[in-house]
file final08.tsv (TSV, C-alpha atoms and all ligand atoms)
chain	number	residue	atom	x	y	z
Q	578	MET	CA	-18.00	-28.69	-13.78
Q	579	LEU	CA	-16.25	-25.39	-13.39
Q	580	THR	CA	-12.49	-25.78	-13.03
Q	581	ILE	CA	-9.69	-23.31	-13.59
Q	582	PRO	CA	-6.45	-25.24	-14.08
Q	583	ASP	CA	-2.97	-24.12	-12.99
Q	584	TYR	CA	-4.22	-21.21	-11.00
Q	585	ARG	CA	-1.93	-19.99	-8.21
Q	586	LEU	CA	-3.94	-17.81	-5.83
Q	587	ARG	CA	-1.26	-15.66	-4.17
Q	588	LEU	CA	-3.31	-12.68	-3.07
Q	589	PRO	CA	-3.29	-11.08	0.36
Q	590	GLY	CA	-6.73	-12.61	0.65
Q	591	PRO	CA	-8.68	-14.50	-0.25
Q	592	THR	CA	-5.99	-17.13	0.13
Q	593	ALA	CA	-5.63	-20.61	-1.35
Q	594	VAL	CA	-7.77	-23.06	0.61
Q	595	PRO	CA	-5.97	-26.28	1.61
Q	596	GLU	CA	-7.50	-29.43	0.14
Q	597	ARG	CA	-8.52	-30.73	3.57
Q	598	VAL	CA	-10.43	-27.54	4.26
Q	599	ARG	CA	-11.97	-27.48	0.82
Q	600	GLN	CA	-13.22	-31.05	1.20
Q	601	ALA	CA	-14.65	-30.32	4.62
Q	602	THR	CA	-16.90	-27.69	3.06
Q	603	ALA	CA	-18.36	-30.35	0.76
Q	604	LEU	CA	-19.89	-32.31	3.65
Q	605	PRO	CA	-23.69	-32.46	3.85
Q	606	VAL	CA	-25.51	-29.53	5.40
Q	607	LEU	CA	-26.68	-30.22	8.94
Q	608	ASN	CA	-29.44	-28.68	10.99
Q	609	HIS	CA	-27.81	-25.44	12.11
Q	610	ARG	CA	-29.67	-25.70	15.43
Q	611	GLY	CA	-29.00	-29.40	15.94
Q	612	ALA	CA	-26.63	-30.96	18.45
Q	613	GLU	CA	-24.03	-32.00	15.84
Q	614	PHE	CA	-23.59	-28.52	14.41
Q	615	LYS	CA	-23.71	-26.84	17.81
Q	616	ALA	CA	-20.80	-29.02	18.89
Q	617	MET	CA	-18.85	-27.78	15.87
Q	618	LEU	CA	-19.59	-24.14	16.67
Q	619	THR	CA	-18.45	-24.67	20.23
Q	620	GLU	CA	-15.26	-26.34	19.08
Q	621	CYS	CA	-14.58	-23.45	16.68
Q	622	GLN	CA	-14.93	-21.06	19.62
Q	623	GLN	CA	-12.52	-23.03	21.76
Q	624	ARG	CA	-9.91	-23.33	19.05
Q	625	LEU	CA	-10.22	-19.66	18.05
Q	626	LYS	CA	-9.68	-18.26	21.53
Q	627	PRO	CA	-5.91	-18.88	21.72
Q	628	ILE	CA	-5.54	-17.45	18.21
Q	629	PHE	CA	-7.28	-14.23	19.30
Q	630	GLY	CA	-5.43	-14.40	22.63
Q	631	THR	CA	-8.66	-14.03	24.51
Q	632	ALA	CA	-10.83	-15.68	27.12
Q	633	HIS	CA	-13.83	-13.64	25.91
Q	634	ASP	CA	-16.69	-14.54	23.62
Q	635	ILE	CA	-16.04	-14.84	19.90
Q	636	LEU	CA	-19.04	-14.13	17.72
Q	637	LEU	CA	-19.48	-15.69	14.29
Q	638	PHE	CA	-21.43	-14.10	11.46
Q	639	ALA	CA	-22.08	-14.68	7.81
Q	640	GLY	CA	-20.24	-11.85	6.14
Q	641	SER	CA	-16.92	-10.54	4.92
Q	642	GLY	CA	-14.38	-8.65	6.96
Q	643	THR	CA	-15.94	-5.31	6.13
Q	644	ALA	CA	-19.25	-6.43	7.61
Q	645	MET	CA	-17.39	-6.97	10.88
Q	646	MET	CA	-15.60	-3.62	10.67
Q	647	GLU	CA	-19.02	-1.99	10.37
Q	648	ALA	CA	-20.53	-4.18	13.08
Q	649	ALA	CA	-17.74	-3.31	15.52
Q	650	LEU	CA	-18.50	0.38	15.16
Q	651	ALA	CA	-22.28	0.04	14.98
Q	652	ASN	CA	-22.40	-1.95	18.20
Q	653	VAL	CA	-20.67	0.67	20.32
Q	654	LEU	CA	-21.63	4.01	18.76
Q	655	SER	CA	-24.44	6.36	19.58
Q	656	PRO	CA	-25.22	8.93	16.88
Q	657	GLY	CA	-22.65	11.72	17.05
Q	658	ASP	CA	-20.16	9.84	19.22
Q	659	ALA	CA	-16.55	10.77	18.62
Q	660	VAL	CA	-14.26	8.13	17.18
Q	661	LEU	CA	-10.51	8.36	16.67
Q	662	ILE	CA	-9.37	6.40	13.63
Q	663	ILE	CA	-5.73	5.65	12.88
Q	664	VAL	CA	-5.39	5.83	9.11
Q	665	ALA	CA	-2.26	4.21	7.72
Q	666	GLY	CA	-3.64	2.75	4.52
Q	667	GLN	CA	-6.68	1.67	2.60
Q	668	PHE	CA	-8.37	-0.20	5.42
Q	669	GLY	CA	-7.96	2.68	7.86
Q	670	ASP	CA	-9.54	4.80	5.16
Q	671	ARG	CA	-12.42	2.31	4.90
Q	672	PHE	CA	-13.07	2.69	8.64
Q	673	VAL	CA	-13.43	6.45	8.08
Q	674	SER	CA	-16.04	5.81	5.39
Q	675	ILE	CA	-17.91	3.38	7.64
Q	676	GLY	CA	-17.81	5.78	10.58
Q	677	LYS	CA	-19.19	8.57	8.39
Q	678	ALA	CA	-21.96	6.31	7.14
Q	679	LEU	CA	-22.92	5.58	10.75
Q	680	GLY	CA	-22.99	9.27	11.66
Q	681	ALA	CA	-19.94	9.29	13.95
Q	682	ALA	CA	-17.87	12.40	14.62
Q	683	ILE	CA	-14.54	11.29	13.20
Q	684	ASP	CA	-11.05	12.42	14.04
Q	685	THR	CA	-8.10	10.76	12.40
Q	686	ILE	CA	-4.46	10.19	13.12
Q	687	ASP	CA	-2.86	10.09	9.70
Q	688	VAL	CA	0.18	7.89	9.45
Q	689	GLU	CA	2.37	8.03	6.39
Q	690	TRP	CA	1.42	4.96	4.33
Q	691	GLY	CA	4.01	2.28	4.93
Q	692	GLY	CA	5.34	4.19	7.94
Q	693	ALA	CA	5.34	3.65	11.69
Q	694	LEU	CA	2.83	4.84	14.27
Q	695	ASP	CA	3.96	6.54	17.46
Q	696	ALA	CA	1.44	5.51	20.13
Q	697	GLN	CA	2.14	8.79	21.94
Q	698	ARG	CA	0.12	10.51	19.22
Q	699	VAL	CA	-2.87	8.48	20.36
Q	700	ALA	CA	-2.18	9.35	24.02
Q	701	GLU	CA	-2.13	13.07	23.19
Q	702	ARG	CA	-5.40	12.93	21.28
Q	703	LEU	CA	-7.09	11.05	24.11
Q	704	LYS	CA	-6.22	13.94	26.45
Q	705	GLN	CA	-7.92	16.44	24.15
Q	706	ARG	CA	-11.27	14.76	23.58
Q	707	THR	CA	-13.38	11.92	24.93
Q	708	TYR	CA	-13.72	9.20	22.35
Q	709	ARG	CA	-16.09	6.28	22.28
Q	710	ALA	CA	-13.48	4.28	20.46
Q	711	VAL	CA	-10.01	4.31	19.03
Q	712	VAL	CA	-9.87	2.29	15.82
Q	713	MET	CA	-6.80	0.70	14.27
Q	714	VAL	CA	-5.84	-1.83	11.64
Q	715	HIS	CA	-3.48	-4.47	13.00
Q	716	ASN	CA	-2.13	-5.53	9.64
Q	717	GLU	CA	-2.56	-2.93	6.90
Q	718	SER	CA	-2.82	-5.14	3.83
Q	719	SER	CA	-2.53	-2.20	1.44
Q	720	THR	CA	0.95	-1.21	2.60
Q	721	GLY	CA	2.42	-4.38	4.14
Q	722	VAL	CA	2.82	-3.05	7.68
Q	723	ALA	CA	1.93	-4.76	10.96
Q	724	TYR	CA	1.14	-2.23	13.70
Q	725	ASP	CA	1.84	-2.56	17.40
Q	726	VAL	CA	-1.55	-3.16	19.01
Q	727	ALA	CA	0.02	-3.55	22.46
Q	728	ALA	CA	1.50	-0.04	22.30
Q	729	VAL	CA	-1.88	1.50	21.41
Q	730	GLY	CA	-3.69	-0.71	23.92
Q	731	ALA	CA	-1.39	0.54	26.67
Q	732	VAL	CA	-2.52	4.14	26.13
Q	733	VAL	CA	-6.21	3.39	25.53
Q	734	ARG	CA	-6.69	0.85	28.32
Q	735	ASP	CA	-7.15	3.30	31.21
Q	736	THR	CA	-9.38	5.73	29.33
Q	737	PRO	CA	-13.13	5.44	28.69
Q	738	ALA	CA	-12.40	4.71	25.02
Q	739	LEU	CA	-12.60	1.24	23.55
Q	740	LEU	CA	-9.89	-0.09	21.28
Q	741	ILE	CA	-11.33	-1.61	18.09
Q	742	VAL	CA	-8.86	-3.61	16.02
Q	743	ASP	CA	-9.20	-4.94	12.48
Q	744	SER	CA	-7.05	-8.05	12.35
Q	745	VAL	CA	-8.73	-9.44	9.24
Q	746	SER	CA	-5.41	-10.06	7.48
Q	747	GLY	CA	-3.38	-10.55	10.66
Q	748	LEU	CA	-5.16	-13.09	12.81
Q	749	ALA	CA	-3.57	-16.57	12.64
Q	750	GLY	CA	-0.64	-15.20	10.65
Q	751	ILE	CA	0.77	-12.70	13.12
Q	752	GLU	CA	0.50	-12.74	16.87
Q	753	MET	CA	-2.68	-11.41	18.48
Q	754	LYS	CA	-2.92	-11.15	22.26
Q	755	MET	CA	-6.22	-9.37	22.58
Q	756	ASP	CA	-6.61	-9.56	26.37
Q	757	ALA	CA	-2.97	-8.89	27.26
Q	758	TRP	CA	-2.74	-6.00	24.80
Q	759	GLY	CA	-5.97	-4.31	25.89
Q	760	ALA	CA	-7.95	-4.64	22.68
Q	761	ASP	CA	-11.73	-4.49	23.19
Q	762	ILE	CA	-13.15	-5.65	19.88
Q	763	VAL	CA	-11.04	-7.61	17.42
Q	764	VAL	CA	-12.61	-8.44	14.08
Q	765	SER	CA	-11.44	-10.92	11.49
Q	766	ALA	CA	-12.67	-13.07	8.63
Q	767	SER	CA	-12.28	-16.59	7.29
Q	768	GLN	CA	-10.49	-15.96	4.00
Q	769	LYS	CA	-7.08	-14.63	5.00
Q	770	SER	CA	-4.62	-16.35	7.34
Q	771	LEU	CA	-7.43	-18.61	8.55
Q	772	MET	CA	-7.14	-20.22	5.09
Q	773	CYS	CA	-10.84	-20.85	4.65
Q	774	ALA	CA	-13.16	-19.76	1.87
Q	775	PRO	CA	-14.65	-16.26	2.21
Q	776	GLY	CA	-17.91	-15.78	4.06
Q	777	ILE	CA	-17.37	-15.97	7.82
Q	778	GLY	CA	-16.86	-12.85	9.90
Q	779	LEU	CA	-15.58	-13.06	13.46
Q	780	ALA	CA	-15.60	-10.62	16.36
Q	781	ALA	CA	-14.13	-11.06	19.82
Q	782	VAL	CA	-15.52	-8.75	22.49
Q	783	SER	CA	-14.05	-7.67	25.88
Q	784	ALA	CA	-15.99	-7.01	29.10
Q	785	LYS	CA	-15.31	-3.28	28.68
Q	786	ALA	CA	-16.82	-3.39	25.19
Q	787	TRP	CA	-19.89	-5.32	26.37
Q	788	LYS	CA	-20.64	-2.45	28.79
Q	789	ALA	CA	-20.83	-0.05	25.88
Q	790	ILE	CA	-22.77	-2.52	23.75
Q	791	ASP	CA	-25.32	-3.15	26.49
Q	792	ARG	CA	-26.36	0.48	26.86
Q	793	ASP	CA	-29.38	1.97	25.10
Q	794	GLY	CA	-29.33	4.56	22.33
Q	795	ARG	CA	-26.85	2.96	20.01
Q	796	VAL	CA	-27.06	3.46	16.27
Q	797	PRO	CA	-29.62	1.03	14.87
Q	798	SER	CA	-28.54	-2.41	13.76
Q	799	PHE	CA	-30.33	-5.73	13.69
Q	800	PHE	CA	-28.50	-8.52	11.87
Q	801	ALA	CA	-25.12	-7.74	13.38
Q	802	ASP	CA	-26.32	-6.75	16.86
Q	803	PHE	CA	-23.74	-8.36	19.12
Q	804	ARG	CA	-26.28	-8.71	21.95
Q	805	ARG	CA	-28.38	-11.03	19.85
Q	806	ALA	CA	-25.30	-13.06	18.92
Q	807	ARG	CA	-24.28	-13.32	22.58
Q	808	ALA	CA	-27.73	-14.52	23.60
Q	809	SER	CA	-27.56	-17.28	20.98
Q	810	LEU	CA	-24.01	-18.15	21.92
Q	811	GLU	CA	-25.19	-18.91	25.44
Q	812	LYS	CA	-27.20	-21.69	23.81
Q	813	ASP	CA	-24.24	-22.69	21.57
Q	814	GLY	CA	-25.89	-21.24	18.49
Q	815	THR	CA	-26.09	-18.25	16.20
Q	816	PRO	CA	-29.12	-15.96	15.88
Q	817	PHE	CA	-29.56	-16.57	12.15
Q	818	THR	CA	-28.53	-19.32	9.76
Q	819	PRO	CA	-24.73	-19.39	9.69
Q	820	PRO	CA	-22.78	-20.46	6.58
Q	821	VAL	CA	-22.90	-24.08	7.77
Q	822	THR	CA	-20.46	-25.58	5.27
Q	823	LEU	CA	-17.95	-22.78	5.77
Q	824	VAL	CA	-18.01	-23.52	9.48
Q	825	TYR	CA	-16.91	-27.08	8.64
Q	826	GLY	CA	-14.07	-25.58	6.64
Q	827	LEU	CA	-13.10	-23.20	9.42
Q	828	LEU	CA	-13.10	-26.02	11.92
Q	829	GLU	CA	-10.85	-28.12	9.68
Q	830	ALA	CA	-8.49	-25.15	9.22
Q	831	LEU	CA	-8.37	-24.71	13.00
Q	832	HIS	CA	-7.47	-28.39	13.35
Q	833	MET	CA	-4.63	-27.85	10.89
Q	834	ILE	CA	-3.38	-24.84	12.86
Q	835	ASP	CA	-3.46	-26.82	16.10
Q	836	GLU	CA	-1.68	-29.78	14.50
Q	837	GLU	CA	1.14	-27.53	13.29
Q	838	GLY	CA	1.06	-25.55	16.53
Q	839	LEU	CA	0.09	-21.87	16.62
Q	840	ALA	CA	3.64	-20.77	17.49
Q	841	ASN	CA	4.99	-22.73	14.51
Q	842	VAL	CA	2.33	-21.27	12.23
Q	843	LEU	CA	3.29	-17.73	13.21
Q	844	LYS	CA	7.00	-18.52	12.81
Q	845	ARG	CA	6.37	-19.97	9.35
Q	846	HIS	CA	4.57	-16.80	8.30
Q	847	SER	CA	7.38	-14.50	9.41
Q	848	ARG	CA	10.08	-16.73	7.96
Q	849	LEU	CA	8.43	-17.02	4.54
Q	850	ALA	CA	7.56	-13.32	4.38
Q	851	ALA	CA	11.18	-12.44	5.20
Q	852	ALA	CA	12.38	-14.76	2.43
Q	853	LEU	CA	9.99	-13.21	-0.09
Q	854	ARG	CA	11.07	-9.71	0.93
Q	855	ALA	CA	14.72	-10.67	0.48
Q	856	GLY	CA	13.88	-12.14	-2.91
Q	857	VAL	CA	11.95	-9.20	-4.33
Q	858	GLN	CA	14.60	-6.77	-3.12
Q	859	ALA	CA	17.27	-8.87	-4.86
Q	860	LEU	CA	15.18	-8.51	-8.02
Q	861	GLY	CA	15.57	-4.77	-7.66
Q	862	LEU	CA	12.16	-3.98	-6.23
Q	863	GLU	CA	11.88	-1.71	-3.21
Q	864	LEU	CA	9.54	-2.54	-0.36
Q	865	TYR	CA	6.55	-0.20	-0.18
Q	866	ASN	CA	6.84	0.02	3.60
Q	867	ARG	CA	9.50	0.74	6.18
Q	868	PRO	CA	11.30	-2.63	6.37
Q	869	ASP	CA	11.51	-2.95	10.17
Q	870	ILE	CA	7.72	-2.91	10.55
Q	871	SER	CA	7.00	-5.32	7.71
Q	872	SER	CA	4.00	-7.60	7.96
Q	873	ALA	CA	4.46	-11.36	8.00
Q	874	THR	CA	1.28	-11.92	5.98
Q	875	VAL	CA	1.68	-9.64	2.97
Q	876	VAL	CA	4.65	-8.30	1.06
Q	877	SER	CA	3.97	-4.96	-0.57
Q	878	MET	CA	6.47	-3.56	-3.05
Q	879	LYS	CA	6.93	-0.52	-5.25
Q	880	VAL	CA	6.64	-0.89	-8.98
Q	881	PRO	CA	9.92	0.10	-10.69
Q	882	GLN	CA	9.98	3.42	-12.54
Q	883	GLY	CA	8.65	3.10	-16.06
Q	884	LEU	CA	6.55	0.01	-15.35
Q	885	GLU	CA	2.88	-0.14	-14.47
Q	886	GLY	CA	1.68	-2.32	-11.58
Q	887	GLY	CA	-1.35	-3.50	-13.47
Q	888	ALA	CA	0.83	-4.76	-16.34
Q	889	ILE	CA	2.94	-6.85	-13.94
Q	890	VAL	CA	-0.15	-8.33	-12.30
Q	891	GLN	CA	-1.72	-9.09	-15.68
Q	892	HIS	CA	1.40	-10.68	-17.14
Q	893	LEU	CA	1.96	-12.83	-14.05
Q	894	ARG	CA	-1.58	-14.10	-14.31
Q	895	GLU	CA	-1.79	-14.63	-18.05
Q	896	ARG	CA	1.68	-16.02	-18.70
Q	897	TYR	CA	2.54	-17.72	-15.40
Q	898	ARG	CA	-0.86	-18.29	-13.75
Q	899	THR	CA	0.32	-16.60	-10.57
Q	900	VAL	CA	-2.39	-14.30	-9.25
Q	901	ILE	CA	-1.14	-11.43	-7.11
Q	902	ALA	CA	-2.66	-8.09	-6.15
Q	903	GLY	CA	-2.03	-4.62	-7.41
Q	904	ALA	CA	-3.19	-1.45	-5.75
Q	905	ARG	CA	-6.75	-1.20	-4.49
Q	906	HIS	CA	-6.65	2.43	-3.41
Q	907	PRO	CA	-6.69	5.22	-6.02
Q	908	SER	CA	-3.64	6.86	-4.43
Q	909	GLN	CA	-1.59	3.73	-5.11
Q	910	THR	CA	-2.84	2.86	-8.58
Q	911	GLY	CA	-0.08	1.39	-10.74
Q	912	LYS	CA	2.57	1.99	-8.09
Q	913	VAL	CA	2.33	-1.05	-5.85
Q	914	ILE	CA	2.06	-4.81	-6.17
Q	915	ARG	CA	1.32	-7.15	-3.28
Q	916	ILE	CA	1.77	-10.85	-2.64
Q	917	GLY	CA	0.10	-12.70	0.22
Q	918	THR	CA	2.22	-14.78	2.57
Q	919	MET	CA	-0.76	-15.77	4.69
Q	920	GLY	CA	-2.48	-19.08	5.18
Q	921	MET	CA	-1.13	-22.40	3.95
Q	922	VAL	CA	1.98	-21.01	2.24
Q	923	SER	CA	5.17	-23.05	1.81
Q	924	GLU	CA	8.79	-22.46	0.83
Q	925	THR	CA	7.92	-23.83	-2.60
Q	926	ASP	CA	5.24	-21.17	-3.03
Q	927	ILE	CA	7.70	-18.38	-2.26
Q	928	ILE	CA	10.35	-19.77	-4.62
Q	929	THR	CA	7.77	-20.14	-7.39
Q	930	ASP	CA	6.51	-16.59	-6.81
Q	931	LEU	CA	10.05	-15.30	-7.27
Q	932	ARG	CA	10.69	-17.39	-10.38
Q	933	HIS	CA	7.51	-16.08	-11.94
Q	934	LEU	CA	8.15	-12.50	-10.86
Q	935	GLU	CA	11.69	-12.56	-12.24
Q	936	ALA	CA	10.44	-13.99	-15.55
Q	937	THR	CA	7.68	-11.39	-15.72
Q	938	LEU	CA	10.03	-8.50	-15.08
Q	939	LYS	CA	12.34	-9.87	-17.76
Q	940	ASP	CA	9.46	-10.24	-20.24
Q	941	LEU	CA	8.56	-6.61	-19.52
Q	942	GLY	CA	12.12	-5.46	-20.19
Q	943	ARG	CA	13.51	-5.45	-16.66
Q	944	PRO	CA	15.77	-8.47	-16.29
Q	945	ALA	CA	17.04	-9.31	-12.82
Q	946	PRO	CA	20.49	-7.96	-11.83
Q	947	ALA	CA	21.73	-11.58	-12.04
Q	948	PRO	CA	19.89	-14.74	-13.13
Q	949	HIS	CA	17.87	-16.27	-10.29
Q	950	ALA	CA	18.82	-13.37	-8.01
Q	951	GLY	CA	15.45	-13.45	-6.25
Q	952	VAL	CA	15.37	-17.20	-5.73
Q	953	ARG	CA	18.96	-17.20	-4.46
Q	954	ALA	CA	18.32	-14.43	-1.95
Q	955	ALA	CA	15.19	-16.20	-0.71
Q	956	LEU	CA	17.02	-19.51	-0.35
Q	957	ASP	CA	19.78	-17.74	1.60
Q	958	ALA	CA	17.20	-16.16	3.90
Q	959	LEU	CA	15.50	-19.50	4.41
Q	960	ALA	CA	18.82	-21.19	5.18
Q	961	VAL	CA	19.68	-18.77	7.99
Q	962	SER	CA	16.19	-18.95	9.49
Q	963	ALA	CA	15.80	-22.73	9.16
Q	1001	LIG	C1	-9.33	-8.16	3.56
Q	1001	LIG	C2	-9.37	-7.12	4.62
Q	1001	LIG	C3	-10.59	-6.67	5.15
Q	1001	LIG	C4	-11.93	-7.15	4.76
Q	1001	LIG	O1	-12.21	-7.20	3.45
Q	1001	LIG	P1	-13.50	-7.99	2.94
Q	1001	LIG	O2	-13.29	-8.00	1.48
Q	1001	LIG	O3	-14.67	-7.24	3.39
Q	1001	LIG	O4	-13.44	-9.35	3.58
Q	1001	LIG	C5	-10.54	-5.75	6.17
Q	1001	LIG	N1	-9.39	-5.30	6.65
Q	1001	LIG	C6	-8.20	-5.71	6.18
Q	1001	LIG	C7	-6.96	-5.18	6.79
Q	1001	LIG	C8	-8.15	-6.64	5.15
Q	1001	LIG	O5	-6.98	-7.05	4.68
call {"tool": "encode", "arguments": {"input": "final08.tsv", "output": "structure tokens", "more": "lines below"}}
Ligand SMILES: *Cc1c(COP(=O)(O)O)cnc(C)c1O
result
Amino acid sequence: MLTIPDYRLRLPGPTAVPERVRQATALPVLNHRGAEFKAMLTECQQRLKPIFGTAHDILLFAGSGTAMMEAALANVLSPGDAVLIIVAGQFGDRFVSIGKALGAAIDTIDVEWGGALDAQRVAERLKQRTYRAVVMVHNESSTGVAYDVAAVGAVVRDTPALLIVDSVSGLAGIEMKMDAWGADIVVSASQKSLMCAPGIGLAAVSAKAWKAIDRDGRVPSFFADFRRARASLEKDGTPFTPPVTLVYGLLEALHMIDEEGLANVLKRHSRLAAALRAGVQALGLELYNRPDISSATVVSMKVPQGLEGGAIVQHLRERYRTVIAGARHPSQTGKVIRIGTMGMVSETDIITDLRHLEATLKDLGRPAPAPHAGVRAALDALAVSA
């Protein structure tokens, strides 16, 4: 059997899958249109709604997060429709590529990577042109910033435009209040804060978005047509075969979230991310992003002068079995490393990350300012937030 011992998966997704969730996915496959599985799908829906902060339908697809980013756009666009995309990192950039592929007329609001967004910039652009949708990334995993969806929702809400939000790496790790904040389509996926294996894509859809989806003349799509998914949902099903065993896993993960309590889950994420940030800064690493807008699900830091990000990632993996992420976008290559703080992460994980990072930096010729500086700073941060 394939096993990889001593492997610490500490990426900003996919995240380590808790044993309970992993075992759930080993249960026998059921008839995906039978009563037993339909009950599970319905329960997933019910448990997901408070996490999305919505009373609306949540659609479930086989697919990764990107499939849902594409589906969100494809379901509302007609060829040539104008879309305003907020680009603050790699995933904003990916939305631009998807929009182009779908034949949209794309305008962007370019935010300095790691920097803040002023929602007034969105308001001004909405006065100049009619957009089918404004698109934003809630939690920009490439830079470590969580953006204020409520602020953007407030300026989009009373315009004809829809607000499409990628919360793939945010949902279940940072607060999402889709209905209250005025988001129209929120997409996510199973393998980030939802601490499940990769393969399930999710989309929650507002009444305003359904109006756009229900009109004729949209760009062609079949598999990910939200109308087909809604029709099946009315019968507690999915239009095509869903990843049955992953749904078991998702359901188990949702049970775990409810047992801990969503508010406690979110608090744990922000507390552990703050401790990790304190630790890496004490090791002499600068945050990649503006600190006051830091994400609670990923910590993104600059690689010290003279070192190469890829070398740190490689050494951490080979010598210490801690698997973190480097840069994914060409503009960041070698300059950034990222550690996930999403999903089933504990204090012990954060302390171990910092031990391994300190040892790695030392091995690469950059010893910490003082022994255990990172661990100490993290423990201090945890003590004040306990
Ligand atoms: C991980 C991620 C995605 C989706 O990536 P997939 O590999 O397609 O699942 C989308 N947006 C953000 C912000 C992400 O972090």
call {"tool": "atom_distance", "arguments": {"input": "final08.tsv", "atom1": "atom CA of Gly680 of chain Q", "atom2": "atom CA of Ile635 of chain Q"}}
result
26.4 Å
call {"tool": "closest_residue", "arguments": {"input": "final08.tsv", "among": "Q:Gly886, Q:Met919, Q:Leu938, Q:Gly856", "to": "Val952 of chain Q", "atoms": "all atoms listed in the file"}}
result
Q:Gly856
call {"tool": "residues_near_ligand", "arguments": {"input": "final08.tsv", "ligand": "ligand LIG 1001 (chain Q)", "cutoff": "10 Å", "atoms": "all atoms listed in the file", "output": "number ranges by chain"}}
result
Q: 589-591, 640-647, 666-669, 671-672, 713-721, 723, 742-747, 764-770, 775-778, 874-875
call {"tool": "closest_residue", "arguments": {"input": "final08.tsv", "among": "Q:Arg896, Q:His832, Q:Arg587, Q:Arg867", "to": "Leu694 of chain Q", "atoms": "all atoms listed in the file"}}
result
Q:Arg867
call {"tool": "atom_distance", "arguments": {"input": "final08.tsv", "atom1": "atom CA of Glu620 of chain Q", "atom2": "atom CA of Leu828 of chain Q"}}
result
7.5 Å
call {"tool": "atom_distance", "arguments": {"input": "final08.tsv", "atom1": "atom CA of Ser783 of chain Q", "atom2": "atom CA of Ile628 of chain Q"}}
result
15.1 Å
call {"tool": "decode", "arguments": {"input": "final08.tsv", "residues": "segment 923-937 of chain Q", "atoms": "C-alpha atoms", "output": "compact mmCIF listing (two decimals), in the first residue's frame"}}
result
# COMPACT_ATOMS: atom_id res chain seq x y z
CA SER Q 923 -3.40 23.13 16.27
CA GLU Q 924 -0.97 25.05 18.47
CA THR Q 925 1.39 22.10 18.16
CA ASP Q 926 1.39 22.43 14.38
CA ILE Q 927 2.35 26.11 14.57
CA ILE Q 928 5.14 25.47 17.09
CA THR Q 929 6.50 22.62 14.96
CA ASP Q 930 6.37 24.80 11.83
CA LEU Q 931 8.47 27.41 13.61
CA ARG Q 932 10.97 24.87 14.95
CA HIS Q 933 11.43 23.47 11.47
CA LEU Q 934 11.61 26.88 9.83
CA GLU Q 935 14.20 28.11 12.33
CA ALA Q 936 16.29 24.97 11.79
CA THR Q 937 16.01 25.33 8.03
